[in-house]
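Comments concern the structure below.
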Amino acid sequence: MAQAQNGKINGSVTRADRKPAEFATVTLLKAKDSSLVKGAVATLEGTYEFDGVREGKYLVAAVNMGFKKTYSQPFTVNGAPVKVPAIALQETSRELKEVNVTARRPFIEQKADKMVVNVENSIVAAGGTALEVLQQSPGIQVDKDDNISMRGKNGVIIMIDGKVTNMSPQDVAMLLKNMPSSNIDQIELIANPSAKYDAAGNAGIINIKLKKNSNYGMNGNVSASYTQGKLPKGTGGLNLNYRNKKVNVYGSYNYSYFGGFEDLKIDRDNKEESGRITFDQHTYIDKKSTYQGAKFGTDYFINKNHTVGVMVNLGGNNWDGKGGSTTFIGNGENIDSSLHTRSVNSNEWRRQSYNVNYKGVLDTAGRELNVDLDYSRNTEDQHSNLYSAYMDGSGKIHWRGDTTRSSQPSVINIKTVKVDYVHPLNKTTKLEAGIKLSYVDSDNDSRFDSLKLGAWEYDVNRSNYFIYEENVNAAYLNFSKQFKKIGVQAGLRAEHSNVKGNSITMKQVNDTSYLNFFPSVFFSYAASKDHQWGLSYSRRLQRPSYDDLNPFEFYLDRYTKAGGNPNLRPQFSSNFELTHTFKSFLNTAIGYSHTKDMLSRVLEPDVDPKTGDTTIITYRYMNVAKKDNINLNISAPVPVTKWWKTFTNVSVFYNAFETTVKDELIKRASAGFFGNFQNTLTFKKGWSAEVSFWYNSRQISQEGLFRMNAMYAVNAGVQKQVLNKKGTIRLNVNDLFRTQHFSGDYEVGGRYTSLNTRWDSQQLRASFTYRFGNSNVKEARNRKTGLEDEQSRVK
């Protein structure tokens with residue numbers, strides 16, 4: 001039998017005026033059933049090319065923003081090159097439906113209301129973690145404490161498959177560190193959400209869409225990776241999906257092991273009434289964690305208009321950290337004593353959430369009803385042992401009373417009910433309305449024991465039993481209309497909150513109730529086929545996490561402690577944004593936001609209530625009086641040649657902070673710059689490569705108001721498709737020159753602090769992914785549940 005030969009197809013796409021249709025989306029389809037074979041983006045000259053096409057009958061489709069989708073005549077490939085006649089696109093005044101190209105999507109896609117990061121097509125991200133992918137995403141920054149900000153603004157809400165994670169920033173970071181990137185399909189960056197979304201998250205929303213599988217049958221994929229930094233890391237995962245006419249069943253399992261470290265140096269210079277006191281502290285912590293997560297669910301299609309579903313998410317993490325710290329104490333010229341601290345910490349948390357949902361199309365006009373019932377239980381058990389020894393000037397060692405051990409179990413239960421209704425008034429106008437009820441109870445029991453005279457004693461001053469209860473009732477109304485060239489969307493969300501915090505140990509109760517309104521307005525204007533404009537305004541809020549409202553304090557060492565703040569208030573922000581898209585590829589956004597009562601962790605001078613020691617500092621969240629942010633974001637995917645594509649993103653911003661710490665007015669302001677430049681190279685025989693570079697300039701840090709120094713990193717990788725293109729092998733290195741580390745300084749109340757921290761950022765990683773089964777299975781529904789604002793605040 002003669003061996004089938006592969007052929008090459010090329011052609012061009014023009015507008016009605018015969019000018020090239022730059023960056024048009026071009027797809028190669030089978031002539032028999034119009035199923036997708038390959039996708040491409042036209043060059044500046046409007047040309048495209050498909051290589052390695054098997055014998056058969058095909059046709060080509062082309063589309064661009066502002067134009068109708070247009071098809072070529074069918075043609076046959078038999079091994080010889082095929083020249084397709086030029087495809088001329090025709091303008092349309094109607095709103096075009098979104099074109100989804102599932103074959104080789106670009107790493108970054110800019111859409112009208114969001115930016116989409118296609119993780120599967122990133123070589124550098126392959127085999128890594130979700131947090132590492134976020135660090136490479138346009139406009140996203142991850143600071144020294146793993147706090148995530150977008151376009152220079154903190155308070156980002158993290159969602160997974162449309163469901164907010166409901167965890168604290170630190171726990172979200174731990175979850176993302178342990179989530180393999182091979183389990184992620186896309187990351188959506190929504191800078192300015194509408195009234196339909198929860199009002200929480202003044203910096204926007206990051207929605208991580210996990211892989212599902214896209215006709216009937218079964219398919220899935222399996223993946224594994226090994227990473228070597230200073231310490232080893234590894235991940236493994238399995239995804240399965242089965243679908244027939246009535247049922248869709250899906251599930252996934254992921255495992256990861258993480259080994260890392262933190263190398264922290266803190267220098268403090270205090271001007272006290274008794275004179276100058278300096279502290280030179282060096283801390284090294286070894287960190288290890290294992291994570292297991294499973295997700296499974298089923299959808300039952302009652303008929304073509306009504307679907308019910310059940311979804312379960314389970315996850316667990318075991319974390320251990322062992323550290324040693326040495327602090328030299330003196331007067332700036334001589335060292336007169338030293339403090340030696342050893343810590344052993346462990347943390348075990350379990351997350352489980354359950355969702356029952358219904359989706360119904362009520363009539364032919366398109367009225368739609370969505371209902372979600374959710375329950376989530378989050379348990380955490382932290383243990384910590386802190387051993388401290390003091391060495392005086394003569395070298396004699398003294399064990400101190402700040403040698404402690406602690407046990408801090410917590411349970412957080414979350415129940416939500418969410419109903420969303422869509423009512424089209426005509427083809428261009430629709431109303432959306434919905435309600436959401438949420439109930440949260442948090443039980444935190446922190447017990448501390450101190451070592452005194454060789455025996456452990458219960459420490460009344462540090463132990464605390466704290467109960468937190470919250471009920472939020474929300475409703476929204478959203479109106480949208482599309483005129484010929486202008487689109488309008490306006491919405492209003494109302495949230496009534498009832499909050500009660502009860503420190504049983506301290507006999508302190510904070511009970512508050514408040515009603516807030518959150519308007520949002522969006523305008524879009526298609527000025528021409530080359531220029532699209534957008535203007536938006538929204539009001540948002542961010543509530544403090546449950547643990548940060550707990551007033552208990554605990555010592556990191558004799559001179560450093562962390563504490564909660566029961567007087568924390570939500571922060572509110574007003575956000576404005578003007579956007580422009582040129583020829584569907586160059587995207588520019590200018591934004592301004594004003595934040596009132598911004599939540600930020602601040603180093604605060606403090607006094608030991610027992611000894612009167614004034615050299616202590618406390619690290620706690622406070623409501624910074626106000627913050628103003630101005631930002632400019634520019635992004636552009638530019639295909640240099642048919643085998644070399646680039647994506648460039650630049651964010652320039654200016655942040656100004658104002659607050660009062662210990663009756664001292666503090667003002668901090670600075671401009672900042674973040675840039676990301678990515679190159680993707682495609683070669684023959686399934687080979688491709690990727691090189692990326694990001695740079696974060698000197699600026700005022702969101703957390704702690706540190707004057708943060710610049711940092712940057714270079715990442716690179718190669719990949720090879722194997723096993724009939726069902727398997728992919730990738731090899732990449734992160735932080736090639738080991739330049740990614742945090743350093744900065746801070747001064748308040750005559751106390752100067754400088755900080756420098758490094759972690760296991762330089763890593764060499766090998767990964768393998770294999771896809772099996774029917775690749776045309778329709779994907780499971782991407783269901784957005786009701787656990788949105790609440791889960792993001794769990795610690």
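By convention in this document, the chains of the structure tokens carry letters A, B, ... by their order, each chain's residues are numbered from 1, and ligands are numbered from 1 in the order they are shown.
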
- Query: Excluding same-chain residues fewer than 5 positions from Asn473 in chain A, what lies within 7 Å of it counting only C-alpha atoms, as a ChimeraX atom specification?
  - Reply: /A:436-438,495-497

- Task: List the neighbours of Glu747 in chain A out to 12 Å using only C-alpha atoms; skip same-chain residues closer than 2 positions along the sequence, and give me the result as a PyMOL selection string.
- Result: chain A and resi 267-271+602-605+617+661+664+666-668+704-707+744-745+749-755

Keeping only C-alpha atoms, write those residues as a PDB file, in the first residue's frame.
ATOM      1  CA  ASP A 267      18.623  44.469  59.770  1.00  0.00           C
ATOM      2  CA  ARG A 268      16.998  46.842  62.264  1.00  0.00           C
ATOM      3  CA  ASP A 269      18.300  50.147  63.618  1.00  0.00           C
ATOM      4  CA  ASN A 270      16.269  51.584  66.517  1.00  0.00           C
ATOM      5  CA  LYS A 271      16.676  55.024  68.027  1.00  0.00           C
ATOM      6  CA  VAL A 602       2.428  47.155  58.436  1.00  0.00           C
ATOM      7  CA  LEU A 603       5.424  46.937  60.799  1.00  0.00           C
ATOM      8  CA  GLU A 604       4.260  48.794  63.885  1.00  0.00           C
ATOM      9  CA  PRO A 605       6.498  49.866  66.832  1.00  0.00           C
ATOM     10  CA  ILE A 617       7.833  45.473  66.410  1.00  0.00           C
ATOM     11  CA  VAL A 661       1.123  54.547  62.572  1.00  0.00           C
ATOM     12  CA  GLU A 664       2.910  59.409  62.938  1.00  0.00           C
ATOM     13  CA  ILE A 666       3.284  58.297  56.853  1.00  0.00           C
ATOM     14  CA  LYS A 667       3.193  59.099  53.146  1.00  0.00           C
ATOM     15  CA  ARG A 668       4.693  56.788  50.555  1.00  0.00           C
ATOM     16  CA  GLY A 704       4.230  46.557  54.522  1.00  0.00           C
ATOM     17  CA  LEU A 705       4.882  49.739  52.488  1.00  0.00           C
ATOM     18  CA  PHE A 706       8.509  48.641  51.933  1.00  0.00           C
ATOM     19  CA  ARG A 707      10.654  50.532  49.440  1.00  0.00           C
ATOM     20  CA  GLY A 744      13.711  46.538  50.486  1.00  0.00           C
ATOM     21  CA  ASP A 745      13.653  48.866  53.482  1.00  0.00           C
ATOM     22  CA  GLY A 749       8.937  55.970  64.432  1.00  0.00           C
ATOM     23  CA  GLY A 750      12.727  56.287  64.382  1.00  0.00           C
ATOM     24  CA  ARG A 751      13.079  52.606  63.501  1.00  0.00           C
ATOM     25  CA  TYR A 752      14.720  51.554  60.274  1.00  0.00           C
ATOM     26  CA  THR A 753      14.284  48.022  58.886  1.00  0.00           C
ATOM     27  CA  SER A 754      15.886  46.481  55.798  1.00  0.00           C
ATOM     28  CA  LEU A 755      14.977  43.063  54.463  1.00  0.00           C
TER      29      LEU A 755
END

- Message: I'd like the contact shell of Gln482 in chain A - 8 Å cut-off, only C-alpha atoms, skipping same-chain residues fewer than 5 positions apart - returned as number ranges by chain.
- Response: A: 428-429, 487-488

Selection above as a file: all heavy atoms, as an mmCIF file, in the first residue's frame:
data_model
loop_
_atom_site.group_PDB
_atom_site.id
_atom_site.type_symbol
_atom_site.label_atom_id
_atom_site.label_comp_id
_atom_site.auth_asym_id
_atom_site.auth_seq_id
_atom_site.Cartn_x
_atom_site.Cartn_y
_atom_site.Cartn_z
ATOM 1 N N THR A 428 -30.755 42.481 20.906
ATOM 2 C CA THR A 428 -29.614 43.320 21.295
ATOM 3 C C THR A 428 -29.692 43.807 22.732
ATOM 4 O O THR A 428 -28.793 44.521 23.185
ATOM 5 C CB THR A 428 -29.514 44.545 20.366
ATOM 6 O OG1 THR A 428 -30.716 45.321 20.473
ATOM 7 C CG2 THR A 428 -29.313 44.105 18.924
ATOM 8 N N THR A 429 -30.726 43.434 23.463
ATOM 9 C CA THR A 429 -30.928 43.963 24.810
ATOM 10 C C THR A 429 -31.271 42.830 25.776
ATOM 11 O O THR A 429 -32.057 41.940 25.436
ATOM 12 C CB THR A 429 -32.066 44.999 24.831
ATOM 13 O OG1 THR A 429 -31.863 45.953 23.794
ATOM 14 C CG2 THR A 429 -32.120 45.717 26.175
ATOM 15 N N GLY A 487 -21.899 49.706 22.555
ATOM 16 C CA GLY A 487 -22.437 48.761 23.529
ATOM 17 C C GLY A 487 -22.482 49.398 24.905
ATOM 18 O O GLY A 487 -21.556 50.111 25.298
ATOM 19 N N VAL A 488 -23.577 49.169 25.627
ATOM 20 C CA VAL A 488 -23.757 49.757 26.950
ATOM 21 C C VAL A 488 -24.124 48.653 27.937
ATOM 22 O O VAL A 488 -24.944 47.783 27.641
ATOM 23 C CB VAL A 488 -24.863 50.831 26.958
ATOM 24 C CG1 VAL A 488 -25.042 51.400 28.363
ATOM 25 C CG2 VAL A 488 -24.546 51.941 25.969
#

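You can rank A:Phe772, A:Trp759, A:Phe448, A:Phe328 by their closest distance to Asn385 in chain A using only C-alpha atoms, and at the top of that list sits A:Phe448.
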
- Just the residues within 9 Å of Thr646 in chain A, please, counting only C-alpha atoms, with nothing from its chain fewer than 4 positions along; format it as a list of chain:residue names. A:Ala636, A:Pro637, A:Val638, A:Pro639, A:Val640, A:Phe677, A:Gln678, A:Asn679, A:Thr680, A:Leu681

Write the residues of the selection above to a file with N, CA, C and O atoms, as a PDB file, in the first residue's frame.
ATOM      1  N   ALA A 636       0.720  43.372  23.202  1.00  0.00           N
ATOM      2  CA  ALA A 636       0.630  43.130  21.770  1.00  0.00           C
ATOM      3  C   ALA A 636       1.271  41.796  21.412  1.00  0.00           C
ATOM      4  O   ALA A 636       2.441  41.578  21.709  1.00  0.00           O
ATOM      5  N   PRO A 637       0.508  40.877  20.786  1.00  0.00           N
ATOM      6  CA  PRO A 637       1.110  39.678  20.197  1.00  0.00           C
ATOM      7  C   PRO A 637       1.567  39.996  18.777  1.00  0.00           C
ATOM      8  O   PRO A 637       0.769  40.422  17.945  1.00  0.00           O
ATOM      9  N   VAL A 638       2.837  39.827  18.506  1.00  0.00           N
ATOM     10  CA  VAL A 638       3.388  40.200  17.196  1.00  0.00           C
ATOM     11  C   VAL A 638       4.065  38.997  16.560  1.00  0.00           C
ATOM     12  O   VAL A 638       5.097  38.534  17.062  1.00  0.00           O
ATOM     13  N   PRO A 639       3.510  38.447  15.467  1.00  0.00           N
ATOM     14  CA  PRO A 639       4.207  37.376  14.752  1.00  0.00           C
ATOM     15  C   PRO A 639       5.301  37.963  13.872  1.00  0.00           C
ATOM     16  O   PRO A 639       5.040  38.696  12.919  1.00  0.00           O
ATOM     17  N   VAL A 640       6.569  37.691  14.209  1.00  0.00           N
ATOM     18  CA  VAL A 640       7.693  38.223  13.447  1.00  0.00           C
ATOM     19  C   VAL A 640       7.817  37.482  12.115  1.00  0.00           C
ATOM     20  O   VAL A 640       7.941  38.090  11.049  1.00  0.00           O
ATOM     21  N   PHE A 677       8.350  40.045  28.243  1.00  0.00           N
ATOM     22  CA  PHE A 677       8.596  39.861  26.809  1.00  0.00           C
ATOM     23  C   PHE A 677       8.790  38.374  26.554  1.00  0.00           C
ATOM     24  O   PHE A 677       9.693  37.752  27.124  1.00  0.00           O
ATOM     25  N   GLN A 678       7.938  37.802  25.713  1.00  0.00           N
ATOM     26  CA  GLN A 678       7.952  36.360  25.485  1.00  0.00           C
ATOM     27  C   GLN A 678       8.139  36.052  24.001  1.00  0.00           C
ATOM     28  O   GLN A 678       7.528  36.674  23.134  1.00  0.00           O
ATOM     29  N   ASN A 679       8.999  35.075  23.708  1.00  0.00           N
ATOM     30  CA  ASN A 679       9.281  34.635  22.346  1.00  0.00           C
ATOM     31  C   ASN A 679       8.962  33.144  22.219  1.00  0.00           C
ATOM     32  O   ASN A 679       9.443  32.335  23.014  1.00  0.00           O
ATOM     33  N   THR A 680       8.178  32.787  21.211  1.00  0.00           N
ATOM     34  CA  THR A 680       7.856  31.390  20.950  1.00  0.00           C
ATOM     35  C   THR A 680       8.355  31.035  19.554  1.00  0.00           C
ATOM     36  O   THR A 680       8.003  31.702  18.568  1.00  0.00           O
ATOM     37  N   LEU A 681       9.184  30.001  19.465  1.00  0.00           N
ATOM     38  CA  LEU A 681       9.806  29.579  18.209  1.00  0.00           C
ATOM     39  C   LEU A 681       9.308  28.182  17.856  1.00  0.00           C
ATOM     40  O   LEU A 681       9.397  27.267  18.671  1.00  0.00           O
TER      41      LEU A 681
END

- Task: Mind checking which residues fall within 10 Å of Gln228 in chain A, counting only C-alpha atoms, ignoring those fewer than 3 positions away in the same chain, and posting them as a VMD selection string?
- Result: chain A and resid 231 to 234 259 733 760 762 to 766

Can I get the selection written as a JSON list (two decimals), in the first residue's frame, with C-alpha atoms?
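See result_27.json below for the written result:
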[["chain", "number", "residue", "atom", "x", "y", "z"],
["A", 231, "LEU", "CA", 15.70, 20.92, 46.74],
["A", 232, "PRO", "CA", 13.62, 18.50, 44.62],
["A", 233, "LYS", "CA", 9.99, 18.93, 43.57],
["A", 234, "GLY", "CA", 7.58, 16.77, 41.60],
["A", 259, "GLY", "CA", 10.84, 21.10, 48.72],
["A", 733, "VAL", "CA", 14.74, 26.33, 33.36],
["A", 760, "ASP", "CA", 14.39, 28.28, 45.55],
["A", 762, "GLN", "CA", 16.31, 28.75, 40.04],
["A", 763, "GLN", "CA", 14.93, 25.42, 38.85],
["A", 764, "LEU", "CA", 15.51, 22.87, 36.09],
["A", 765, "ARG", "CA", 12.37, 20.94, 35.17],
["A", 766, "ALA", "CA", 11.51, 17.98, 32.92]]

Could you pull the residues within 8 Å of Tyr421 in chain A, counting only C-alpha atoms, minus those fewer than 6 positions along the same chain, as an mmCIF file with N, CA and C atoms, in the first residue's frame?
data_model
loop_
_atom_site.group_PDB
_atom_site.id
_atom_site.type_symbol
_atom_site.label_atom_id
_atom_site.label_comp_id
_atom_site.auth_asym_id
_atom_site.auth_seq_id
_atom_site.Cartn_x
_atom_site.Cartn_y
_atom_site.Cartn_z
ATOM 1 N N ARG A 367 -34.573 33.053 27.716
ATOM 2 C CA ARG A 367 -34.576 33.266 29.170
ATOM 3 C C ARG A 367 -33.877 32.091 29.850
ATOM 4 N N GLU A 368 -33.022 32.397 30.816
ATOM 5 C CA GLU A 368 -32.181 31.363 31.410
ATOM 6 C C GLU A 368 -32.153 31.508 32.931
ATOM 7 N N LEU A 369 -32.157 30.355 33.630
ATOM 8 C CA LEU A 369 -32.108 30.336 35.085
ATOM 9 C C LEU A 369 -30.984 29.419 35.537
ATOM 10 N N ASN A 370 -30.146 29.920 36.443
ATOM 11 C CA ASN A 370 -29.068 29.134 37.024
ATOM 12 C C ASN A 370 -29.193 29.152 38.542
ATOM 13 N N GLU A 432 -30.173 41.056 33.405
ATOM 14 C CA GLU A 432 -29.689 39.980 34.255
ATOM 15 C C GLU A 432 -29.956 40.370 35.707
ATOM 16 N N ALA A 433 -30.395 39.406 36.494
ATOM 17 C CA ALA A 433 -30.662 39.671 37.898
ATOM 18 C C ALA A 433 -30.289 38.442 38.711
ATOM 19 N N GLY A 434 -30.012 38.653 39.981
ATOM 20 C CA GLY A 434 -29.640 37.516 40.812
ATOM 21 C C GLY A 434 -29.583 37.865 42.276
#

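When only C-alpha atoms are used to measure the gap to Val691 in chain A, the shortest distance among A:Asp17, A:Asp663, A:Glu348, A:Asp735 belongs to A:Asp735.
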
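Across the model, the gap from CA of Glu658 in chain A to CA of Asn623 in chain A is 10.2 Å.
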
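Minimum atom-to-atom distance to Gly366 in chain A, evaluated using only C-alpha atoms, belongs to A:Val422 out of A:Val249, A:Val422, A:Leu549, A:Val26.
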
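Proximity to Ser325 in chain A was assessed for A:Gln281, A:Asn248, A:Asn357, A:Thr379 counting only C-alpha atoms; the smallest distance is recorded for A:Gln281.
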